[in-house]
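Visitor: Just so it is clear, I am handing over upload-v4.cif, which has mmCIF, C-alpha atoms and all ligand atoms.
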data_target
#
loop_
_atom_site.label_atom_id
_atom_site.label_comp_id
_atom_site.auth_asym_id
_atom_site.auth_seq_id
_atom_site.Cartn_x
_atom_site.Cartn_y
_atom_site.Cartn_z
CA MET A 527 -13.72 -9.27 17.29
CA ARG A 528 -14.54 -10.13 13.70
CA ALA A 529 -12.52 -8.68 10.83
CA ILE A 530 -12.85 -8.73 7.07
CA VAL A 531 -9.57 -8.27 5.21
CA ALA A 532 -10.40 -7.29 1.62
CA GLY A 533 -7.20 -7.98 -0.32
CA GLY A 534 -5.89 -10.38 2.33
CA ASP A 535 -3.87 -12.42 -0.19
CA GLY A 536 -1.66 -9.43 -1.00
CA PHE A 537 1.84 -8.29 -0.05
CA ILE A 538 0.50 -6.42 3.01
CA GLY A 539 -2.85 -8.20 3.38
CA TRP A 540 -1.40 -11.64 4.10
CA PRO A 541 0.98 -10.61 6.93
CA LEU A 542 -1.81 -8.42 8.30
CA SER A 543 -4.30 -11.31 8.26
CA ILE A 544 -2.01 -13.56 10.29
CA ALA A 545 -1.10 -10.69 12.66
CA MET A 546 -4.81 -10.14 13.32
CA ALA A 547 -5.48 -13.86 13.81
CA HIS A 548 -2.51 -13.96 16.17
CA ALA A 549 -4.06 -11.08 18.14
CA GLY A 550 -7.30 -13.10 18.49
CA PHE A 551 -9.41 -11.66 15.64
CA GLU A 552 -11.73 -13.96 13.69
CA VAL A 553 -10.47 -13.06 10.19
CA LEU A 554 -12.31 -13.54 6.89
CA ILE A 555 -10.21 -12.83 3.78
CA LEU A 556 -11.95 -11.67 0.59
CA ASP A 557 -9.70 -11.70 -2.48
CA ASN A 558 -10.00 -12.58 -6.17
CA GLY A 559 -6.28 -13.28 -6.70
CA VAL A 560 -5.95 -10.51 -9.30
CA ARG A 561 -2.54 -9.40 -8.01
CA ARG A 562 -1.12 -12.84 -8.76
CA SER A 563 -2.46 -12.80 -12.34
CA LEU A 564 -1.42 -9.19 -13.11
CA VAL A 565 2.20 -9.85 -12.09
CA LYS A 566 2.20 -12.93 -14.35
CA GLU A 567 0.63 -10.84 -17.13
CA VAL A 568 3.70 -8.53 -17.13
CA GLY A 569 6.01 -11.57 -17.34
CA SER A 570 7.04 -11.80 -13.70
CA ASP A 571 6.24 -13.68 -10.49
CA SER A 572 6.93 -13.30 -6.79
CA LEU A 573 10.66 -13.92 -6.33
CA VAL A 574 9.96 -15.76 -3.09
CA PRO A 575 7.68 -18.71 -3.89
CA ILE A 576 4.26 -18.27 -2.24
CA LEU A 577 1.57 -20.86 -1.63
CA GLU A 578 -1.99 -20.62 -2.92
CA LEU A 579 -4.14 -18.85 -0.34
CA ASP A 580 -5.93 -22.02 0.86
CA ASP A 581 -2.53 -23.64 1.48
CA ARG A 582 -1.16 -20.53 3.22
CA ILE A 583 -4.13 -20.64 5.56
CA ARG A 584 -3.42 -24.33 6.29
CA ALA A 585 0.27 -23.48 6.90
CA TRP A 586 -0.84 -20.79 9.38
CA ARG A 587 -3.13 -23.31 11.14
CA SER A 588 -0.18 -25.68 11.66
CA ALA A 589 2.17 -22.87 12.72
CA SER A 590 -0.31 -21.31 15.14
CA PRO A 591 -2.99 -23.83 16.19
CA GLU A 592 -3.92 -21.65 19.18
CA SER A 593 -5.10 -18.74 16.95
CA PRO A 594 -8.65 -18.54 15.56
CA ALA A 595 -8.88 -20.11 12.07
CA ILE A 596 -8.70 -17.71 9.09
CA GLY A 597 -11.61 -17.93 6.63
CA PHE A 598 -11.43 -17.20 2.89
CA GLU A 599 -14.07 -16.41 0.27
CA PRO A 600 -12.88 -15.84 -3.31
CA LEU A 601 -14.76 -12.70 -4.37
CA ASP A 602 -14.34 -9.90 -6.90
CA ILE A 603 -15.22 -6.95 -4.70
CA ALA A 604 -15.41 -4.56 -7.65
CA SER A 605 -17.88 -6.59 -9.70
CA ASP A 606 -19.94 -8.63 -7.21
CA ALA A 607 -21.58 -6.09 -4.92
CA ALA A 608 -24.49 -8.44 -4.14
CA ALA A 609 -22.18 -11.18 -2.80
CA LEU A 610 -20.25 -8.59 -0.79
CA HIS A 611 -23.48 -7.32 0.81
CA GLN A 612 -24.48 -10.88 1.69
CA THR A 613 -21.08 -11.68 3.18
CA LEU A 614 -21.01 -8.54 5.31
CA GLY A 615 -24.58 -9.10 6.50
CA ARG A 616 -23.82 -12.69 7.49
CA PHE A 617 -20.34 -12.19 8.99
CA ALA A 618 -21.20 -8.95 10.87
CA PRO A 619 -17.62 -7.59 11.05
CA ASP A 620 -16.42 -5.15 13.72
CA VAL A 621 -13.72 -3.93 11.35
CA VAL A 622 -13.29 -4.00 7.57
CA ILE A 623 -9.77 -3.54 6.22
CA HIS A 624 -9.83 -2.34 2.62
CA LEU A 625 -6.65 -3.24 0.70
CA ALA A 626 -8.37 -4.55 -2.45
CA THR A 627 -6.74 -2.28 -5.00
CA MET A 628 -4.63 -2.52 -8.14
CA PRO A 629 -1.63 -0.85 -6.43
CA SER A 630 0.92 -0.19 -9.21
CA ALA A 631 1.45 3.32 -10.61
CA PRO A 632 3.37 2.02 -13.68
CA TYR A 633 0.70 -0.61 -14.48
CA SER A 634 -1.99 2.08 -14.29
CA MET A 635 -0.09 4.18 -16.89
CA LYS A 636 0.86 1.36 -19.29
CA ASN A 637 -1.97 1.60 -21.82
CA GLN A 638 -5.69 2.30 -22.17
CA ARG A 639 -6.70 -1.19 -21.02
CA THR A 640 -4.57 -1.24 -17.87
CA ALA A 641 -5.60 2.34 -17.05
CA GLY A 642 -9.29 1.49 -17.51
CA PHE A 643 -8.94 -1.61 -15.34
CA THR A 644 -7.26 0.41 -12.58
CA ILE A 645 -10.01 3.03 -12.57
CA SER A 646 -12.92 0.59 -12.64
CA ASN A 647 -11.40 -1.93 -10.21
CA ASN A 648 -10.21 0.53 -7.58
CA ILE A 649 -13.07 3.01 -7.56
CA GLN A 650 -15.80 0.39 -7.80
CA ALA A 651 -14.17 -1.69 -5.02
CA THR A 652 -14.11 1.32 -2.69
CA PHE A 653 -17.72 2.22 -3.47
CA ASN A 654 -18.90 -1.39 -3.02
CA ILE A 655 -17.17 -1.71 0.34
CA LEU A 656 -18.56 1.61 1.61
CA SER A 657 -22.10 0.87 0.47
CA ALA A 658 -22.01 -2.68 1.86
CA VAL A 659 -20.75 -1.44 5.25
CA ALA A 660 -23.34 1.38 5.31
CA ASP A 661 -26.19 -1.05 4.53
CA CYS A 662 -25.12 -4.23 6.35
CA ALA A 663 -22.55 -3.41 9.08
CA PRO A 664 -22.85 0.34 9.82
CA ASP A 665 -21.02 0.06 13.15
CA ALA A 666 -17.91 -1.47 11.58
CA HIS A 667 -14.73 0.61 11.46
CA ILE A 668 -13.26 0.81 7.94
CA VAL A 669 -9.46 0.98 7.70
CA HIS A 670 -8.02 1.76 4.26
CA ILE A 671 -4.46 2.19 3.03
CA GLY A 672 -4.15 5.22 0.79
CA THR A 673 -0.88 6.74 -0.30
CA MET A 674 1.38 9.72 0.39
CA GLY A 675 1.26 10.11 -3.40
CA VAL A 676 -2.21 11.72 -3.23
CA TYR A 677 -0.62 14.96 -2.05
CA GLY A 678 1.86 15.03 -4.92
CA TYR A 679 5.51 15.75 -4.19
CA ASN A 680 5.72 19.40 -5.10
CA VAL A 681 5.01 21.09 -1.76
CA GLU A 682 7.96 23.27 -0.85
CA HIS A 683 7.18 25.61 2.01
CA TYR A 684 5.56 23.44 4.65
CA ALA A 685 5.48 19.88 5.95
CA LEU A 686 2.56 17.88 4.53
CA PRO A 687 -0.03 17.63 7.31
CA GLU A 688 -1.98 14.45 8.11
CA GLY A 689 -4.75 14.74 5.54
CA TYR A 690 -6.23 18.12 6.45
CA LEU A 691 -4.92 21.59 5.78
CA ARG A 692 -5.72 24.60 7.93
CA ALA A 693 -6.65 27.40 5.55
CA ARG A 694 -7.40 31.07 6.20
CA VAL A 695 -10.43 32.40 4.36
CA LEU A 696 -11.90 35.86 4.17
CA ALA A 697 -15.40 35.89 5.67
CA ALA A 698 -18.27 38.13 4.46
CA ASP A 699 -17.61 40.55 7.37
CA GLY A 700 -14.04 41.01 6.14
CA ALA A 701 -12.55 39.07 9.05
CA GLU A 702 -10.17 36.16 8.53
CA ARG A 703 -11.42 32.76 9.62
CA GLU A 704 -9.55 29.47 9.83
CA ILE A 705 -11.08 26.37 8.27
CA SER A 706 -9.83 22.82 7.89
CA ILE A 707 -10.08 21.20 4.47
CA LEU A 708 -8.84 18.02 2.81
CA HIS A 709 -5.34 18.79 1.57
CA PRO A 710 -5.41 19.53 -2.18
CA MET A 711 -4.58 16.46 -4.21
CA GLU A 712 -2.03 16.22 -7.01
CA PRO A 713 -1.86 12.55 -7.99
CA GLY A 714 1.11 11.53 -10.16
CA SER A 715 -0.50 8.50 -11.84
CA LEU A 716 -3.96 7.10 -12.51
CA TYR A 717 -3.43 4.68 -9.62
CA HIS A 718 -2.80 7.66 -7.33
CA LEU A 719 -5.84 9.37 -8.84
CA THR A 720 -8.02 6.46 -7.66
CA LYS A 721 -6.66 6.97 -4.13
CA ALA A 722 -7.45 10.70 -4.37
CA GLN A 723 -10.97 9.78 -5.47
CA ASP A 724 -11.26 7.34 -2.54
CA GLN A 725 -10.83 10.29 -0.17
CA LEU A 726 -13.98 11.94 -1.54
CA PHE A 727 -15.95 8.71 -1.16
CA PHE A 728 -14.75 8.42 2.45
CA GLU A 729 -15.68 12.01 3.26
CA PHE A 730 -19.13 11.48 1.71
CA TYR A 731 -19.93 8.20 3.51
CA ASN A 732 -18.61 9.58 6.79
CA ARG A 733 -20.76 12.72 6.54
CA GLN A 734 -23.86 11.19 4.96
CA ARG A 735 -23.98 7.72 6.52
CA GLY A 736 -21.96 8.25 9.70
CA LEU A 737 -19.32 5.60 8.89
CA ARG A 738 -16.18 5.48 11.02
CA ILE A 739 -13.19 5.49 8.67
CA THR A 740 -9.40 5.60 9.02
CA ASP A 741 -7.40 6.38 5.88
CA LEU A 742 -3.66 5.64 6.16
CA HIS A 743 -1.62 7.64 3.67
CA GLN A 744 1.23 5.22 3.33
CA GLY A 745 4.74 5.65 1.97
CA ILE A 746 6.54 3.05 -0.15
CA VAL A 747 6.80 -0.26 1.67
CA TRP A 748 10.13 -2.07 1.76
CA GLY A 749 11.14 -5.35 3.40
CA MET A 750 9.63 -8.77 2.92
CA ASP A 751 8.75 -10.29 6.24
CA THR A 752 7.40 -9.98 9.76
CA ASP A 753 8.07 -12.06 12.89
CA LEU A 754 5.02 -14.18 12.02
CA THR A 755 5.76 -14.78 8.30
CA ARG A 756 9.23 -15.96 9.40
CA ARG A 757 7.73 -18.80 11.42
CA ASP A 758 7.43 -21.07 8.37
CA GLU A 759 8.38 -20.71 4.70
CA GLY A 760 4.76 -21.47 3.78
CA LEU A 761 3.82 -18.17 5.44
CA ALA A 762 6.02 -15.99 3.22
CA THR A 763 4.49 -12.93 1.62
CA ARG A 764 5.22 -12.02 -1.99
CA LEU A 765 8.43 -10.23 -3.06
CA ASP A 766 8.18 -8.53 -6.45
CA TYR A 767 11.16 -7.18 -8.38
CA ASP A 768 9.71 -6.28 -11.78
CA SER A 769 9.54 -2.60 -12.74
CA ASP A 770 5.71 -2.55 -12.68
CA PHE A 771 4.93 -4.21 -9.34
CA GLY A 772 8.16 -4.21 -7.32
CA THR A 773 8.57 -1.35 -4.85
CA VAL A 774 11.74 0.68 -5.29
CA LEU A 775 13.98 -0.44 -2.40
CA ASN A 776 13.05 -4.11 -2.86
CA ARG A 777 13.72 -3.83 -6.62
CA PHE A 778 17.14 -2.29 -5.97
CA ALA A 779 18.00 -5.06 -3.47
CA VAL A 780 17.18 -7.75 -6.04
CA GLN A 781 19.19 -5.93 -8.72
CA THR A 782 22.19 -5.80 -6.35
CA ALA A 783 21.85 -9.50 -5.59
CA ILE A 784 22.25 -10.46 -9.25
CA GLY A 785 24.88 -7.84 -10.10
CA HIS A 786 22.47 -5.84 -12.27
CA PRO A 787 23.13 -2.09 -12.34
CA ILE A 788 20.70 -0.27 -10.05
CA THR A 789 18.08 1.43 -12.22
CA VAL A 790 17.72 5.02 -10.98
CA TYR A 791 15.12 6.93 -12.99
CA GLY A 792 16.08 10.49 -13.94
CA SER A 793 18.24 12.47 -11.50
CA GLY A 794 17.43 10.24 -8.52
CA ALA A 795 16.87 13.40 -6.46
CA GLN A 796 13.13 12.67 -6.17
CA LYS A 797 12.31 12.29 -2.45
CA ARG A 798 9.82 9.70 -1.27
CA ALA A 799 8.43 8.48 2.06
CA PHE A 800 9.27 4.91 3.16
CA ILE A 801 8.11 2.36 5.71
CA HIS A 802 9.16 -1.22 6.52
CA LEU A 803 6.54 -3.95 6.06
CA ARG A 804 6.69 -4.74 9.80
CA ASP A 805 5.86 -1.13 10.65
CA SER A 806 3.08 -1.07 8.06
CA ILE A 807 1.44 -4.03 9.84
CA ARG A 808 2.08 -2.42 13.24
CA CYS A 809 0.43 0.82 12.05
CA LEU A 810 -2.60 -1.06 10.77
CA MET A 811 -2.93 -2.87 14.12
CA LEU A 812 -2.62 0.45 16.00
CA ALA A 813 -5.33 2.00 13.83
CA ILE A 814 -7.59 -1.04 14.31
CA GLU A 815 -7.08 -1.13 18.09
CA ASN A 816 -7.73 2.62 18.43
CA PRO A 817 -10.78 3.39 16.25
CA PRO A 818 -12.07 6.94 15.78
CA GLY A 819 -15.10 7.93 17.82
CA ARG A 820 -18.65 7.93 16.49
CA GLY A 821 -19.29 11.27 14.79
CA ASP A 822 -15.58 11.96 14.18
CA ARG A 823 -14.60 13.04 10.67
CA VAL A 824 -12.50 10.64 8.55
CA ARG A 825 -9.27 10.09 10.46
CA ILE A 826 -6.15 10.41 8.31
CA PHE A 827 -2.64 9.43 9.34
CA ASN A 828 0.55 9.69 7.28
CA GLN A 829 2.00 6.19 7.52
CA PHE A 830 5.75 6.42 6.91
CA THR A 831 8.90 6.45 9.00
CA GLN A 832 11.55 8.05 6.76
CA ILE A 833 11.91 10.39 3.81
CA LEU A 834 14.84 9.80 1.47
CA SER A 835 15.70 10.44 -2.17
CA VAL A 836 15.75 7.55 -4.65
CA GLU A 837 19.48 8.17 -5.07
CA GLU A 838 20.07 7.86 -1.30
CA ILE A 839 18.20 4.54 -1.29
CA ALA A 840 20.21 3.34 -4.30
CA GLY A 841 23.45 4.31 -2.51
CA ILE A 842 22.58 2.26 0.61
CA VAL A 843 21.63 -0.79 -1.44
CA ALA A 844 24.52 -0.53 -3.92
CA SER A 845 27.11 -0.53 -1.13
CA LEU A 846 25.93 -3.99 -0.04
CA GLY A 847 26.65 -5.74 -3.31
CA LYS A 848 29.17 -3.42 -4.92
CA ALA A 849 26.59 -2.86 -7.68
CA GLU A 850 26.83 0.17 -9.94
CA MET A 851 24.04 2.68 -10.41
CA THR A 852 22.75 3.47 -13.86
CA GLN A 853 20.72 6.59 -14.52
CA MET A 854 17.91 5.89 -16.98
CA PRO A 855 15.54 8.34 -18.68
CA ASN A 856 12.64 8.80 -16.27
CA PRO A 857 9.56 6.93 -17.57
CA ARG A 858 7.38 9.05 -15.24
CA VAL A 859 6.28 12.65 -15.59
CA GLU A 860 7.49 14.25 -12.35
CA LYS A 861 9.82 16.94 -11.06
CA GLU A 862 13.43 15.78 -11.08
CA ARG A 863 13.91 17.05 -7.53
CA ASN A 864 11.52 17.92 -4.72
CA LYS A 865 11.70 19.00 -1.08
CA LEU A 866 9.26 16.58 0.50
CA THR A 867 8.71 16.93 4.24
CA ALA A 868 5.67 15.55 6.05
CA VAL A 869 4.19 15.08 9.51
CA ASN A 870 3.78 11.52 10.86
CA GLU A 871 2.85 12.20 14.48
CA GLY A 872 -0.50 10.39 14.69
CA LEU A 873 0.79 6.82 14.54
CA ILE A 874 3.87 7.62 16.63
CA ARG A 875 1.49 8.96 19.32
CA LEU A 876 -0.43 5.68 19.15
CA GLY A 877 2.81 3.76 19.81
CA LEU A 878 4.68 3.18 16.52
CA GLN A 879 8.42 2.74 17.04
CA PRO A 880 10.00 3.29 13.63
CA THR A 881 12.20 0.66 11.99
CA LEU A 882 14.77 2.61 10.00
CA ILE A 883 16.50 1.55 6.81
CA ASP A 884 19.74 -0.16 7.74
CA ARG A 885 22.31 -2.32 6.03
CA PHE A 886 21.36 -5.42 8.02
CA LEU A 887 17.66 -5.37 7.06
CA VAL A 888 18.39 -4.48 3.44
CA GLY A 889 21.11 -7.17 3.40
CA GLU A 890 18.49 -9.77 4.36
CA ILE A 891 16.52 -8.95 1.21
CA VAL A 892 19.69 -9.17 -0.88
CA ASP A 893 20.46 -12.61 0.64
CA VAL A 894 16.96 -13.92 -0.06
CA ALA A 895 17.15 -12.62 -3.63
CA ARG A 896 20.51 -14.39 -4.12
CA ARG A 897 18.90 -17.64 -2.94
CA HIS A 898 16.12 -17.36 -5.52
CA LYS A 899 18.05 -15.77 -8.37
CA GLY A 900 17.25 -18.69 -10.68
CA ARG A 901 13.62 -17.45 -10.69
CA ILE A 902 14.48 -13.97 -12.01
CA ASN A 903 13.36 -12.87 -15.48
CA HIS A 904 15.92 -10.20 -16.44
CA GLU A 905 13.56 -8.79 -19.09
CA VAL A 906 11.15 -7.31 -16.52
CA ILE A 907 13.77 -5.28 -14.63
CA LYS A 908 13.97 -2.37 -17.12
CA PRO A 909 11.01 0.06 -17.26
CA MET A 910 8.00 -1.46 -19.05
CA SER A 911 5.49 1.41 -18.61
CA PHE A 912 5.90 5.01 -19.79
CA TRP A 913 3.82 8.01 -18.71
CA GLN A 914 4.20 9.63 -22.13
CA ARG A 915 4.05 7.47 -25.25
CA PRO A 916 4.78 8.73 -28.75
CA PRO A 917 1.54 9.07 -30.77
CA LYS A 918 0.86 6.13 -33.12
N1 LIG B 1001 3.00 -1.83 -1.14
C1 LIG B 1001 3.20 -0.51 -1.05
O1 LIG B 1001 4.34 -0.02 -1.11
C2 LIG B 1001 2.03 0.41 -0.86
C3 LIG B 1001 2.30 1.78 -0.64
C4 LIG B 1001 1.22 2.65 -0.45
C5 LIG B 1001 -0.08 2.16 -0.48
N2 LIG B 1001 -0.30 0.83 -0.69
C6 LIG B 1001 -1.69 0.36 -0.70
O2 LIG B 1001 -1.83 -0.69 0.25
C7 LIG B 1001 -2.81 -1.63 -0.20
C8 LIG B 1001 -2.20 -3.02 -0.23
O3 LIG B 1001 -1.07 -2.98 -1.08
P1 LIG B 1001 -0.23 -4.28 -1.45
O4 LIG B 1001 1.13 -3.83 -1.77
O5 LIG B 1001 -0.45 -5.33 -0.41
O6 LIG B 1001 -0.95 -4.70 -2.81
P2 LIG B 1001 -1.36 -6.17 -3.34
O7 LIG B 1001 -1.67 -6.03 -4.78
O8 LIG B 1001 -0.32 -7.16 -2.98
O9 LIG B 1001 -2.68 -6.46 -2.49
C9 LIG B 1001 -3.97 -6.13 -2.94
C10 LIG B 1001 -4.83 -7.38 -2.86
O10 LIG B 1001 -6.16 -7.04 -3.24
C11 LIG B 1001 -6.64 -8.00 -4.15
N3 LIG B 1001 -7.63 -7.34 -5.00
C12 LIG B 1001 -7.46 -6.29 -5.86
N4 LIG B 1001 -8.62 -5.99 -6.46
C13 LIG B 1001 -9.54 -6.85 -5.97
C14 LIG B 1001 -10.94 -7.04 -6.21
N5 LIG B 1001 -11.60 -6.31 -7.12
N6 LIG B 1001 -11.60 -8.00 -5.52
C15 LIG B 1001 -10.93 -8.77 -4.62
N7 LIG B 1001 -9.62 -8.65 -4.35
C16 LIG B 1001 -8.94 -7.69 -5.03
C17 LIG B 1001 -5.41 -8.50 -4.92
O11 LIG B 1001 -5.60 -9.78 -5.47
C18 LIG B 1001 -4.34 -8.46 -3.84
O12 LIG B 1001 -4.25 -9.71 -3.18
C19 LIG B 1001 -3.25 -1.16 -1.58
O13 LIG B 1001 -4.42 -0.41 -1.47
C20 LIG B 1001 -2.10 -0.27 -2.02
O14 LIG B 1001 -2.54 0.70 -2.94
C21 LIG B 1001 0.72 -0.06 -0.89
#
Written as structure tokens, how would this file's structure read?
Ligand SMILES: NC(=O)c1ccc[n+]([C@@H]2O[C@H](COP(=O)([O-])OP(=O)(O)OC[C@H]3O[C@@H](n4cnc5c(N)ncnc54)[C@H](O)[C@@H]3O)[C@@H](O)[C@H]2O)c1
Guide:
Amino acid sequence: MRAIVAGGDGFIGWPLSIAMAHAGFEVLILDNGVRRSLVKEVGSDSLVPILELDDRIRAWRSASPESPAIGFEPLDIASDAAALHQTLGRFAPDVVIHLATMPSAPYSMKNQRTAGFTISNNIQATFNILSAVADCAPDAHIVHIGTMGVYGYNVEHYALPEGYLRARVLAADGAEREISILHPMEPGSLYHLTKAQDQLFFEFYNRQRGLRITDLHQGIVWGMDTDLTRRDEGLATRLDYDSDFGTVLNRFAVQTAIGHPITVYGSGAQKRAFIHLRDSIRCLMLAIENPPGRGDRVRIFNQFTQILSVEEIAGIVASLGKAEMTQMPNPRVEKERNKLTAVNEGLIRLGLQPTLIDRFLVGEIVDVARRHKGRINHEVIKPMSFWQRPPK
């Protein structure tokens, strides 16, 4: 089986690429390295040192000589549609994993330039991948990671379903009929808005061009390794702690490690969905190994294992390092408390066995952060992006 991993140099893309190679896939990574440069642009860097992609691939070759070699083509998927078409035509993938996104909500809300980049990069990348698959590899299964954030967090009276909502409508004859529609979207940032827009592109290309697509509405990923990245330090994936690119639990673990107060935004009662990196990779593999049938509508799974409030997460992490919590004005525009509940049956049915947040796994992140604390820039820990800015 041949797989393209668009965004294969990223936090999730790299461990996924080696997991797929380990499972016998011939993997070709397409990435333009923009994640590395954007994190540097905000004054930060991966806390765990990571090799350049060519060197990572060589490290994988030495660690796992029995696996098929991983290929890499540097390519801007959003701006070079012609090269993407050529690559897909030549490589003839069975599966295309689309992770090539600017994934930070705060970065997308920082200013006009970062917002504009997010919109053009993410939407154009999705369109280019869909059109290249439709034209050059129409049998390939597309697997994309979306976000639980497309639904918004304000649903109170029901558990968020997996992508589609059953709705009762009044038919012309006065009878009630049940229809199934994409769940209404209420994105909380421009980044989330691009993921909401992706859903419409997927529905269109599925209906009009017959593409087989799985969209994984993922929660916030925590953790920093998998069994395979642990084989050699050259295989490490990135660990970000800055307020723009670090994910919340990982940021709190790094703050604890250096004795920095844990930065809870607003009340901390905002609930979010979470998943460990290992489970994220496992879910992707399950989706890849079990593609939807030809003619099926876009398949949507909610990819998370736990729902907790930010304050609950902060409490677990704080207890490991005796760090204090500090409540900061919320830089986001969101409800201070919500009653998030959601269904996550699809991936469990396919075989996911959830890894739950525990002190041992969180403690590992704290230990790694302590080892690398000399690399931390304290200036990037406080919020650097604000949803509402005073007028000039
Ligand atoms: N990490 C999370 O907590 C999380 C949660 C929900 C959803 N997601 C989604 O999962 C996917 C992967 O997330 P991640 O955390 O690994 O992000 P990441 O930024 O580490 O990975 C994305 C990769 O895509 C590359 N890329 C971006 N634009 C590109 C372009 N135009 N051309 C070529 N390469 C490009 C980047 O260089 C990067 O290596 C993203 O779509 C993200 O929105 C992530």
Visitor: Find the residues around stretch 827-838 of chain A up to 9 Å (all atoms listed in the file counted), leave out those fewer than 5 positions away in its own chain, and share them as an NGL selection string.
Guide: :A and (671 or 673-674 or 686-689 or 740-747 or 774-775 or 790-791 or 793-802 or 805-806 or 809 or 843 or 851 or 863-864 or 866-873 or 879-883)
Visitor: Write out, as JSON lines, each residue of chain A that has an atom at most 7 Å from ligand LIG 1001 (chain B), together with the closest pair of atoms and their distance in Å to one decimal, counting all atoms listed in the file, rows going by chain and rising number.
Guide:
{"residue": "A:Ala532", "atom": "CA", "partner": "B:LIG1001", "partner_atom": "N7", "distance": 6.2}
{"residue": "A:Gly533", "atom": "CA", "partner": "B:LIG1001", "partner_atom": "O10", "distance": 3.2}
{"residue": "A:Gly534", "atom": "CA", "partner": "B:LIG1001", "partner_atom": "O12", "distance": 5.8}
{"residue": "A:Asp535", "atom": "CA", "partner": "B:LIG1001", "partner_atom": "O12", "distance": 4.1}
{"residue": "A:Gly536", "atom": "CA", "partner": "B:LIG1001", "partner_atom": "O8", "distance": 3.3}
{"residue": "A:Phe537", "atom": "CA", "partner": "B:LIG1001", "partner_atom": "O5", "distance": 3.8}
{"residue": "A:Ile538", "atom": "CA", "partner": "B:LIG1001", "partner_atom": "O5", "distance": 3.7}
{"residue": "A:Gly539", "atom": "CA", "partner": "B:LIG1001", "partner_atom": "O5", "distance": 5.3}
{"residue": "A:Leu556", "atom": "CA", "partner": "B:LIG1001", "partner_atom": "C15", "distance": 6.0}
{"residue": "A:Asp557", "atom": "CA", "partner": "B:LIG1001", "partner_atom": "N7", "distance": 3.6}
{"residue": "A:Asn558", "atom": "CA", "partner": "B:LIG1001", "partner_atom": "C15", "distance": 4.2}
{"residue": "A:Gly559", "atom": "CA", "partner": "B:LIG1001", "partner_atom": "O11", "distance": 3.8}
{"residue": "A:Val560", "atom": "CA", "partner": "B:LIG1001", "partner_atom": "O11", "distance": 3.9}
{"residue": "A:Arg561", "atom": "CA", "partner": "B:LIG1001", "partner_atom": "O11", "distance": 4.0}
{"residue": "A:Arg562", "atom": "CA", "partner": "B:LIG1001", "partner_atom": "O11", "distance": 6.3}
{"residue": "A:Leu601", "atom": "CA", "partner": "B:LIG1001", "partner_atom": "C15", "distance": 5.5}
{"residue": "A:Asp602", "atom": "CA", "partner": "B:LIG1001", "partner_atom": "N6", "distance": 3.6}
{"residue": "A:Ile603", "atom": "CA", "partner": "B:LIG1001", "partner_atom": "N6", "distance": 3.9}
{"residue": "A:Ala604", "atom": "CA", "partner": "B:LIG1001", "partner_atom": "N5", "distance": 4.2}
{"residue": "A:Ser605", "atom": "CA", "partner": "B:LIG1001", "partner_atom": "N5", "distance": 6.8}
{"residue": "A:Leu625", "atom": "CA", "partner": "B:LIG1001", "partner_atom": "O13", "distance": 4.2}
{"residue": "A:Ala626", "atom": "CA", "partner": "B:LIG1001", "partner_atom": "O10", "distance": 3.4}
{"residue": "A:Thr627", "atom": "CA", "partner": "B:LIG1001", "partner_atom": "C12", "distance": 4.2}
{"residue": "A:Met628", "atom": "CA", "partner": "B:LIG1001", "partner_atom": "C12", "distance": 5.2}
{"residue": "A:Pro629", "atom": "CA", "partner": "B:LIG1001", "partner_atom": "O14", "distance": 3.9}
{"residue": "A:Asn647", "atom": "CA", "partner": "B:LIG1001", "partner_atom": "N5", "distance": 5.4}
{"residue": "A:Asn648", "atom": "CA", "partner": "B:LIG1001", "partner_atom": "N4", "distance": 6.8}
{"residue": "A:Ala651", "atom": "CA", "partner": "B:LIG1001", "partner_atom": "N5", "distance": 5.7}
{"residue": "A:Ile671", "atom": "CA", "partner": "B:LIG1001", "partner_atom": "O2", "distance": 4.8}
{"residue": "A:Gly672", "atom": "CA", "partner": "B:LIG1001", "partner_atom": "C5", "distance": 5.2}
{"residue": "A:Thr673", "atom": "CA", "partner": "B:LIG1001", "partner_atom": "C4", "distance": 4.6}
{"residue": "A:Gln744", "atom": "CA", "partner": "B:LIG1001", "partner_atom": "C4", "distance": 4.6}
{"residue": "A:Gly745", "atom": "CA", "partner": "B:LIG1001", "partner_atom": "C4", "distance": 5.2}
{"residue": "A:Ile746", "atom": "CA", "partner": "B:LIG1001", "partner_atom": "O1", "distance": 3.9}
{"residue": "A:Val747", "atom": "CA", "partner": "B:LIG1001", "partner_atom": "O1", "distance": 3.7}
{"residue": "A:Trp748", "atom": "CA", "partner": "B:LIG1001", "partner_atom": "O1", "distance": 6.8}
{"residue": "A:Thr773", "atom": "CA", "partner": "B:LIG1001", "partner_atom": "O1", "distance": 5.8}
Visitor: Mind checking which residues fall within 7 Å of A:Gly760, counting only C-alpha atoms, ignoring those fewer than 3 positions away in the same chain, and posting them as number ranges by chain?
Guide: A: 576-577, 582, 585
Visitor: Residues within 10 Å of A:Pro909, please, as a list in words. Count all atoms listed in the file; anything in the same chain fewer than 2 positions from it doesn't count.
Guide: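 Counting only the stated atoms, we get Pro632, Asp768, Ser769, Asp770, Thr789, Tyr791, Met854, Pro855, Asn856, Pro857, Arg858, Glu905, Val906, Ile907, Ser911 and Phe912 of chain A.
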Visitor: Excluding A:Cys662 and residues on its chain fewer than 3 positions from it, collect all residues at most 6 Å away from it, counting only C-alpha atoms, and give them as a ChimeraX atom specification.
Guide: /A:615,658-659
Visitor: Would you please work out which residue, of A:Arg901, A:Lys908, A:His624, A:Lys918, is nearest to A:Ile739 when using all atoms listed in the file?
Guide: A:His624
